[in-house]
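**Student:** First, the structure itself, so that you have it in front of you.
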Amino acid sequence: MITQDRISTFINSFDTGNTPFLNELEKYALETNVPIIRPQMQSFLKLLLAIKQPKQILEVGTAIGFSALLMSEYGPENCRITTIEK
């Protein structure tokens with residue numbers, strides 16, 4: 001859909017890529033079949049973090065911690081992240 005493409009393009013325009021560590025962790029996750037968020041969702045999450053500047057985040061379903069590390073890297077400095085994994 002045209003609207004979805006435009007929204008995705010807009011969100012992705014703010015993304016400057018990940019840190020080398022996150023790139024390595026993403027590569028490892030893909031090689032070992034550990035699910036992590038897709039690049040489009042990574043861009044969206046970075047945009048939300050920049051806009052909202054949360055003080056606390058609860059992540060349910062941590063797996064290898066990719067999303068938590070991404071939020072830690074791109075969220076505000078004083079943000080507290082709590083993760084839960086079964």
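So you can find residues: chains in the structure tokens are A, B, ... in the order shown, residues in each start at 1, and ligands are numbered from 1 in order.
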Can you list, as a PyMOL selection string, every residue of chain A that DSSP puts in alpha helix (DSSP H)?
**Tutor:** chain A and resi 2-12+20-31+39-52+66-74
**Student:** For Gly65 (chain A), please output as a list in words all residues within 10 Å (counting only C-alpha atoms; exclusion window: fewer than 5 positions along the same chain).
**Tutor:**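 Those residues are Leu25, Ile36, Glu59, Leu70, Met71, Thr83, Ile84 and Glu85 of chain A.
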**Student:** Looking at A:Phe21, A:Lys52, A:Leu30, A:Gln40, which one is nearest to Leu69 (chain A), with distances taken over only C-alpha atoms?
**Tutor:**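 Going through A:Phe21, A:Lys52, A:Leu30, A:Gln40 one by one, the smallest distance to Leu69 (chain A) is for A:Phe21.
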**Student:** Which residue gives the smallest distance to Thr16 (chain A) among A:Tyr74, A:Leu58, A:Ala29, A:Ser67, with only C-alpha atoms counted?
**Tutor:**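 Of A:Tyr74, A:Leu58, A:Ala29, A:Ser67, the one nearest Thr16 (chain A), counting only C-alpha atoms, is A:Tyr74.
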**Student:** Excluding Val34 (chain A) and residues on its chain fewer than 3 positions from it, collect all residues at most 10 Å away from it, counting only C-alpha atoms, and give them as a list in words.
**Tutor:**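 Returned residues: Glu26, Tyr28, Ala29, Leu30, Glu31, Ala63, Ile64 and Phe66 of chain A.
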**Student:** How would the residues just chosen look if you wrote them out with N, CA and C atoms as a PDB file, in the first residue's frame?
**Tutor:**
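The result, written out as out09.pdb:
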ATOM      1  N   GLU A  26      22.858  -9.036  16.284  1.00  0.00           N
ATOM      2  CA  GLU A  26      21.828  -9.338  15.290  1.00  0.00           C
ATOM      3  C   GLU A  26      22.296 -10.469  14.359  1.00  0.00           C
ATOM      4  N   TYR A  28      24.488 -12.801  15.060  1.00  0.00           N
ATOM      5  CA  TYR A  28      24.483 -14.031  15.857  1.00  0.00           C
ATOM      6  C   TYR A  28      23.066 -14.581  15.996  1.00  0.00           C
ATOM      7  N   ALA A  29      22.106 -13.703  16.272  1.00  0.00           N
ATOM      8  CA  ALA A  29      20.713 -14.132  16.434  1.00  0.00           C
ATOM      9  C   ALA A  29      20.199 -14.784  15.150  1.00  0.00           C
ATOM     10  N   LEU A  30      20.511 -14.188  14.022  1.00  0.00           N
ATOM     11  CA  LEU A  30      20.070 -14.753  12.748  1.00  0.00           C
ATOM     12  C   LEU A  30      20.731 -16.099  12.476  1.00  0.00           C
ATOM     13  N   GLU A  31      22.011 -16.222  12.800  1.00  0.00           N
ATOM     14  CA  GLU A  31      22.735 -17.486  12.584  1.00  0.00           C
ATOM     15  C   GLU A  31      22.225 -18.607  13.480  1.00  0.00           C
ATOM     16  N   ALA A  63      14.405 -12.960  25.209  1.00  0.00           N
ATOM     17  CA  ALA A  63      15.251 -13.818  24.365  1.00  0.00           C
ATOM     18  C   ALA A  63      16.724 -13.549  24.682  1.00  0.00           C
ATOM     19  N   ILE A  64      17.507 -13.064  23.700  1.00  0.00           N
ATOM     20  CA  ILE A  64      18.930 -12.801  23.959  1.00  0.00           C
ATOM     21  C   ILE A  64      19.183 -11.361  24.371  1.00  0.00           C
ATOM     22  N   PHE A  66      18.342  -8.503  22.673  1.00  0.00           N
ATOM     23  CA  PHE A  66      18.622  -7.541  21.602  1.00  0.00           C
ATOM     24  C   PHE A  66      17.809  -6.264  21.761  1.00  0.00           C
TER      25      PHE A  66
END
**Student:** If I take CA of Arg80 (chain A) and CA of Leu49 (chain A), how far is one from the other in Å, to one decimal?
**Tutor:**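 We find that CA of Arg80 (chain A) and CA of Leu49 (chain A) lie 12.6 Å from each other.
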